[in-house]
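Peer 1: Take this structure, written in structure tokens, and hold onto it; I'll ask about it next.
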Amino acid sequence: MTATLFCLHALGASSEEFALLRTRLADTVRLIGVDLPGFGTSPASAGTTVEEMAVQVERAIGTSGATEWGLIGHSMGGKVATVVADRTMAGTNGLFGLRAVVLLAASPLAPEPMDDARRERMLGWAEPDGISPTHAAEFVDANTARLLPPERHSMAVHDVERTDTAAWTAWLLRGSREDWSGSAPTNPVPALVLAGAEDGDLGEAAQRALTLPHWSAADFDVVPGAAHLLPWERPDEVAARIRTFWTDRVAHGPVVPTETARVIASPRVSARTRSAFARRSLPDDPDAVPEALDAVQLATLRGIADVVVPQPGSRPVDLALRVDRQLAQGTGDGWRPDGLPVDVEAYRAALDALQPVAAAGTDALTPVLDDVAAGRADLPGALDAEQLRRWYEDASVDLVKQWLAHPATMAAIDYDGFANGGDGVRKQGFQLLGAGQREPWEPRGATTCD
């Protein structure tokens, strides 16, 4: 199944600015452009505040049926994309399946840095009959490092000309100045942040100061020979960076099946549960640095995980990495087997003892783990055979718990007990329906039986 990236454009642009990226990334992801209100073919009457634009994007994603998707946000669209991503991870907008975010010269959650004189000059272009061809060309040329090729230049200028001046003015006066940063927690979604080397207000310095701190799992790069209109200026370079990012950072771990993803997105699941599942479904970073263990200990734990919880397919959950995070955060089950040191110390000691065997591969490790489970393993190290047995029992529980917690595993074992009521009248629990009745959120024609 090919993932879908919903593309949100810059001020004075439209979904057409992603046409070049769409063809270049067709072998990796599917790009769907969204015209924000007042741009392209979308009327400004849908609303021009950041909130109203975010709602329009959320509706487009929801009605698309996509259950494995990401966002690309360029400039103005970057601010909207960040708001949508934040609300998705909070579970509050009824969406599920977000895998990654790409931000191109993004407007930040905080008020956008913009030269006051330039803002006033651009406001003056909003004439009753629209933005003139001269001013449209001036805007495009001022935001590119070099003059665009004729066809691209014509398309970019045309987008500016057909912009609704009410939407143009609303962004300059209000949207760009809206501050969404105060209540926004750090977002854990894998993010690729790109800046044009010759961009002014939203270049490298602004992205490092205002955008990167919001994303805890972000990659950052600067595109040489580009200013602000990255999709038009350097489509080959931008597409290559997105492809590498998606392949190396995002296309890992299982994808939640469509049917389960739709249940999670439904009103039968609370926002809190949806948020937890959104985090658990994020791809594990294959290059992540362990937080509680060292790199060798993590590799040993990965070998043990392959024995304890063998996962078919090419996109397993990195259970060992998730246990490492659990150890670092102290979010285990609270139980410590009698006679063992604290969890982190017990893990380190046991993994050090098992490392030479694990390095030889699964065939060598499996019988040794059988001996450990039986309490007869005599391995050099800080733990005796009985301590190793108790540790292995506890570690196996941790690994299985991380596996079962993933929504894709719940789908595989046909578990849907989490769908026991949302945040509305049902709260948490079930509502008995008679024959021929349906839930308010179910499509017409669907019936349920008690």
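Ordering of the structure tokens sets the chain letters (A, B, ...); residue numbers start at 1 within each chain; ligands are numbered from 1 in the order shown.
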List as a ChimeraX atom specification the protein and nucleic acid residues near A:Pro188, meaning an atom at most 10 Å away when only C-alpha atoms are counted, but skip any in the same chain fewer than 3 places from it.

Peer 2: /A:85-86,89,100,185,191,214-218,278-279,282

Peer 1: Quick one: write out the picked residues with N, CA and C atoms as a short mmCIF file (atom, residue, chain, number, x, y, z; two decimals), in the first residue's frame?

Peer 2:
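Produced file result-v3.cif, reproduced below:
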```cif
data_model
loop_
_atom_site.label_atom_id
_atom_site.label_comp_id
_atom_site.auth_asym_id
_atom_site.auth_seq_id
_atom_site.Cartn_x
_atom_site.Cartn_y
_atom_site.Cartn_z
N ALA A 85 -0.99 18.27 12.40
CA ALA A 85 -0.19 17.18 12.98
C ALA A 85 -0.30 17.17 14.50
N ASP A 86 -0.28 18.33 15.13
CA ASP A 86 -0.40 18.40 16.58
C ASP A 86 -1.75 17.87 17.04
N MET A 89 -1.93 14.04 16.67
CA MET A 89 -1.22 13.33 17.72
C MET A 89 -1.91 13.47 19.08
N ALA A 100 4.45 10.93 9.06
CA ALA A 100 5.58 11.87 8.99
C ALA A 100 5.09 13.22 8.49
N PRO A 185 2.71 21.13 22.72
CA PRO A 185 3.81 20.29 23.20
C PRO A 185 4.68 19.84 22.04
N ALA A 191 9.96 14.22 11.30
CA ALA A 191 9.79 15.43 10.48
C ALA A 191 11.06 15.71 9.69
N HIS A 214 10.17 22.39 17.86
CA HIS A 214 8.84 21.80 18.06
C HIS A 214 8.82 20.31 17.76
N TRP A 215 9.83 19.80 17.04
CA TRP A 215 9.82 18.41 16.58
C TRP A 215 10.95 17.64 17.26
N SER A 216 10.60 16.61 18.01
CA SER A 216 11.62 15.86 18.75
C SER A 216 12.34 14.84 17.89
N ALA A 217 11.82 14.56 16.69
CA ALA A 217 12.46 13.57 15.81
C ALA A 217 12.62 14.17 14.42
N ALA A 218 13.34 15.28 14.33
CA ALA A 218 13.44 16.02 13.08
C ALA A 218 14.80 15.86 12.42
N ALA A 278 -1.71 6.71 18.27
CA ALA A 278 -0.97 7.48 17.26
C ALA A 278 0.52 7.45 17.57
N ARG A 279 0.89 7.57 18.82
CA ARG A 279 2.29 7.54 19.21
C ARG A 279 2.88 6.14 19.04
N LEU A 282 3.90 5.24 15.41
CA LEU A 282 4.96 5.95 14.70
C LEU A 282 6.12 5.01 14.40
#
```

Peer 1: Among stretch 52-112 of chain A, which ones does DSSP place in alpha helix (DSSP H), written as a PyMOL selection string?

Peer 2: chain A and resi 52-64+76-90

Peer 1: Per DSSP on the backbone, what are the strand (DSSP E) residues of stretch 68-203 of chain A, as a tab-separated table (two decimals) with N, CA and C atoms, in the first residue's frame?

Peer 2:
```tsv
chain	number	residue	atom	x	y	z
A	69	TRP	N	-0.63	8.08	6.03
A	69	TRP	CA	-0.49	9.35	5.35
A	69	TRP	C	0.50	10.27	6.07
A	70	GLY	N	0.89	11.31	5.35
A	70	GLY	CA	1.78	12.32	5.89
A	70	GLY	C	1.38	13.68	5.38
A	71	LEU	N	2.12	14.69	5.77
A	71	LEU	CA	1.83	16.07	5.39
A	71	LEU	C	3.08	16.72	4.82
A	72	ILE	N	2.91	17.49	3.75
A	72	ILE	CA	3.95	18.40	3.28
A	72	ILE	C	3.39	19.81	3.42
A	73	GLY	N	4.09	20.66	4.15
A	73	GLY	CA	3.64	22.03	4.32
A	73	GLY	C	4.70	23.00	3.86
A	74	HIS	N	4.34	23.87	2.92
A	74	HIS	CA	5.28	24.87	2.39
A	74	HIS	C	4.89	26.24	2.90
A	98	LEU	N	-1.14	9.14	10.76
A	98	LEU	CA	-0.06	10.07	10.42
A	98	LEU	C	1.28	9.41	10.64
A	99	ARG	N	2.13	9.42	9.61
A	99	ARG	CA	3.44	8.78	9.68
A	99	ARG	C	4.60	9.78	9.73
A	100	ALA	N	4.45	10.93	9.06
A	100	ALA	CA	5.58	11.87	8.99
A	100	ALA	C	5.09	13.22	8.49
A	101	VAL	N	5.93	14.23	8.69
A	101	VAL	CA	5.65	15.59	8.23
A	101	VAL	C	6.89	16.12	7.53
A	102	VAL	N	6.68	16.78	6.39
A	102	VAL	CA	7.76	17.46	5.66
A	102	VAL	C	7.43	18.94	5.63
A	103	LEU	N	8.37	19.77	6.07
A	103	LEU	CA	8.16	21.20	6.14
A	103	LEU	C	9.17	21.90	5.25
A	104	LEU	N	8.68	22.67	4.29
A	104	LEU	CA	9.51	23.38	3.33
A	104	LEU	C	9.42	24.87	3.62
A	191	ALA	N	9.96	14.22	11.30
A	191	ALA	CA	9.79	15.43	10.48
A	191	ALA	C	11.06	15.71	9.69
A	192	LEU	N	10.86	16.15	8.46
A	192	LEU	CA	11.95	16.63	7.62
A	192	LEU	C	11.74	18.12	7.42
A	193	VAL	N	12.70	18.93	7.87
A	193	VAL	CA	12.60	20.38	7.76
A	193	VAL	C	13.66	20.84	6.77
A	194	LEU	N	13.22	21.50	5.70
A	194	LEU	CA	14.13	22.01	4.67
A	194	LEU	C	14.06	23.52	4.60
A	195	ALA	N	15.20	24.15	4.39
A	195	ALA	CA	15.27	25.59	4.22
A	195	ALA	C	16.06	25.90	2.96
A	196	GLY	N	15.68	26.97	2.28
A	196	GLY	CA	16.45	27.43	1.13
A	196	GLY	C	17.67	28.19	1.59
```

Peer 1: For A:Thr258, work out the shell of residues within 12 Å, counting only C-alpha atoms and skipping chain neighbours fewer than 4 positions away, then give it as a list in words.

Peer 2: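 Skipping anything fewer than 4 positions along the chain leaves Met1, Ala3, Gly65, Ala66, Thr67, Glu68, Trp69, Phe96, Gly97, Arg262, Val263, Ile264, Ala265, Pro407, Ala408 and Ala411 of chain A.
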
Peer 1: Can you measure atom CA of A:Glu233 to atom CA of A:Arg146 for me? One decimal in Å is fine.

Peer 2: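 A separation of 8.1 Å between them.
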
Peer 1: Quick one: of A:Val400, A:Val296, A:Ala81, A:Val189, who's nearest to A:Val317, counting only C-alpha atoms?

Peer 2: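 Smallest separation from A:Val317 among the options: A:Val400.
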
Peer 1: Which residues are near A:Arg208? Cut-off 12 Å, only C-alpha atoms, ignore same chain within fewer than 3 positions. Put them as a ChimeraX atom specification.

Peer 2: /A:105-106,108,193-195,202-205,211-215,218-222

Peer 1: For the residues selected in the previous step, produce a file with C-alpha atoms as a JSON list (two decimals), in the first residue's frame.

Peer 2:
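Here's the written file result-v4.json:
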```
[["chain", "number", "residue", "atom", "x", "y", "z"],
["A", 105, "ALA", "CA", 10.55, 26.90, 4.40],
["A", 106, "ALA", "CA", 7.73, 26.61, 6.91],
["A", 108, "PRO", "CA", 6.30, 28.55, 12.36],
["A", 193, "VAL", "CA", 12.60, 20.38, 7.76],
["A", 194, "LEU", "CA", 14.13, 22.01, 4.67],
["A", 195, "ALA", "CA", 15.27, 25.59, 4.22],
["A", 202, "LEU", "CA", 12.23, 31.82, 6.73],
["A", 203, "GLY", "CA", 15.73, 30.59, 5.96],
["A", 204, "GLU", "CA", 18.08, 28.43, 7.96],
["A", 205, "ALA", "CA", 18.28, 30.67, 11.02],
["A", 211, "THR", "CA", 10.58, 25.29, 13.70],
["A", 212, "LEU", "CA", 13.05, 22.59, 14.78],
["A", 213, "PRO", "CA", 12.44, 22.92, 18.56],
["A", 214, "HIS", "CA", 8.84, 21.80, 18.06],
["A", 215, "TRP", "CA", 9.82, 18.41, 16.58],
["A", 218, "ALA", "CA", 13.44, 16.02, 13.08],
["A", 219, "ASP", "CA", 15.97, 15.90, 10.26],
["A", 220, "PHE", "CA", 17.14, 19.26, 8.95],
["A", 221, "ASP", "CA", 18.80, 20.24, 5.70],
["A", 222, "VAL", "CA", 19.52, 23.33, 3.64]]
```

Peer 1: My list of candidates is A:Leu172, A:Met114, A:Leu20, A:Met122. Which is closest to A:Thr48 when distances are computed with only C-alpha atoms?

Peer 2: A:Leu172

Peer 1: Would you compute the distance between atom CA of A:Cys7 and atom CA of A:Ala251? Give it in Å to one decimal.

Peer 2: 18.8 Å

Peer 1: Hey, what's within 10 Å of A:Pro128 if we count only C-alpha atoms and toss same-chain stuff fewer than 4 positions away? As a list in words, please?

Peer 2: Asp164, Thr165 and Ala166 of chain A

Peer 1: Listing only residues of stretch 291-327 of chain A within 12 Å of stretch 340-344 of chain A, what is the closest atom pair and its distance in Å (to one decimal) for each, using only C-alpha atoms, sorted by chain and residue number ascending, as CSV?

Peer 2:
```
residue,atom,partner,partner_atom,distance
A:Glu291,CA,A:Val344,CA,10.6
A:Ala292,CA,A:Val344,CA,6.9
A:Leu293,CA,A:Val344,CA,7.8
A:Asp294,CA,A:Val344,CA,11.2
A:Gln297,CA,A:Val344,CA,11.3
A:Val323,CA,A:Val344,CA,10.4
A:Asp324,CA,A:Val344,CA,8.9
A:Arg325,CA,A:Val344,CA,10.9
A:Gln326,CA,A:Val344,CA,9.8
A:Leu327,CA,A:Val344,CA,6.1
```

Peer 1: If we count only C-alpha atoms and set the cut-off at 9 Å, which residues sit around A:Pro113, ignoring sequence neighbours fewer than 5 positions away in its own chain? Please answer as a PDB file with N, CA and C atoms, in the first residue's frame.

Peer 2:
```pdb
ATOM      1  N   SER A 107       6.331  28.383   7.700  1.00  0.00           N
ATOM      2  CA  SER A 107       5.929  29.401   8.662  1.00  0.00           C
ATOM      3  C   SER A 107       5.762  28.706  10.008  1.00  0.00           C
ATOM      4  N   PRO A 108       6.325  29.252  11.075  1.00  0.00           N
ATOM      5  CA  PRO A 108       6.300  28.553  12.362  1.00  0.00           C
ATOM      6  C   PRO A 108       4.985  28.735  13.102  1.00  0.00           C
ATOM      7  N   SER A 176      -0.442  35.007   9.557  1.00  0.00           N
ATOM      8  CA  SER A 176       1.003  34.920   9.778  1.00  0.00           C
ATOM      9  C   SER A 176       1.393  35.384  11.172  1.00  0.00           C
ATOM     10  N   ARG A 177       0.496  36.154  11.806  1.00  0.00           N
ATOM     11  CA  ARG A 177       0.782  36.689  13.137  1.00  0.00           C
ATOM     12  C   ARG A 177       0.171  35.843  14.260  1.00  0.00           C
ATOM     13  N   ASP A 201      13.482  35.690   5.382  1.00  0.00           N
ATOM     14  CA  ASP A 201      12.798  35.601   6.665  1.00  0.00           C
ATOM     15  C   ASP A 201      12.666  34.171   7.184  1.00  0.00           C
ATOM     16  N   LEU A 202      12.488  33.196   6.301  1.00  0.00           N
ATOM     17  CA  LEU A 202      12.226  31.824   6.726  1.00  0.00           C
ATOM     18  C   LEU A 202      13.356  30.882   6.311  1.00  0.00           C
ATOM     19  N   ALA A 206      15.888  31.000  10.844  1.00  0.00           N
ATOM     20  CA  ALA A 206      14.511  30.970  11.347  1.00  0.00           C
ATOM     21  C   ALA A 206      14.035  29.544  11.593  1.00  0.00           C
TER      22      ALA A 206
END
```

Peer 1: Would you kindly return, as JSON, numbers by chain, each protein, DNA or RNA residue with an atom no farther than 10 Å from any atom of A:Pro224, considering only C-alpha atoms and excluding same-chain residues fewer than 5 positions away?

Peer 2: {"A": [145, 195, 196, 197, 198, 234, 237]}

Peer 1: Store the residues picked out above, limited to N, CA and C atoms, as an mmCIF file, in the first residue's frame.

Peer 2:
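Now in again.cif:
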```cif
data_model
loop_
_atom_site.group_PDB
_atom_site.id
_atom_site.type_symbol
_atom_site.label_atom_id
_atom_site.label_comp_id
_atom_site.auth_asym_id
_atom_site.auth_seq_id
_atom_site.Cartn_x
_atom_site.Cartn_y
_atom_site.Cartn_z
ATOM 1 N N ALA A 145 15.778 32.331 -5.811
ATOM 2 C CA ALA A 145 17.190 32.707 -5.871
ATOM 3 C C ALA A 145 17.585 33.154 -7.266
ATOM 4 N N ALA A 195 15.198 24.149 4.395
ATOM 5 C CA ALA A 195 15.265 25.593 4.215
ATOM 6 C C ALA A 195 16.057 25.900 2.961
ATOM 7 N N GLY A 196 15.677 26.975 2.278
ATOM 8 C CA GLY A 196 16.450 27.430 1.127
ATOM 9 C C GLY A 196 17.674 28.193 1.592
ATOM 10 N N ALA A 197 18.809 27.931 0.982
ATOM 11 C CA ALA A 197 20.050 28.569 1.413
ATOM 12 C C ALA A 197 19.998 30.087 1.257
ATOM 13 N N GLU A 198 19.174 30.572 0.308
ATOM 14 C CA GLU A 198 19.120 32.005 0.043
ATOM 15 C C GLU A 198 17.783 32.612 0.439
ATOM 16 N N ARG A 234 13.854 23.962 -6.862
ATOM 17 C CA ARG A 234 14.732 22.800 -6.798
ATOM 18 C C ARG A 234 13.924 21.508 -6.595
ATOM 19 N N GLU A 237 16.135 18.211 -6.129
ATOM 20 C CA GLU A 237 16.806 18.103 -4.838
ATOM 21 C C GLU A 237 15.812 17.879 -3.711
#
```

Peer 1: So, counting only C-alpha atoms, which residue among A:Trp391, A:Trp246, A:Trp180, A:Trp232 is closest to A:Ser14?

Peer 2: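 Once distances to A:Ser14 are computed over only C-alpha atoms, the minimum belongs to A:Trp232.
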
Peer 1: Have a look at A:Pro149, A:Thr144, A:Val57, A:Thr49 and name the one nearest to A:Asp179; count only C-alpha atoms.

Peer 2: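 Answer, going by the shortest atom-to-atom distance: A:Thr49.
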
Peer 1: Kindly indicate which residue among A:Met53, A:Ala271, A:Val140, A:Val308 lies nearest to A:Leu230, using only C-alpha atoms for the distances.

Peer 2: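 Closest candidate: A:Val140.
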
Peer 1: Go ahead and compute the interatomic distance for atom CA of A:Val157 and atom CA of A:Glu17, in Å to one decimal.

Peer 2: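 Computing it gives 10.8 Å between the two atoms.
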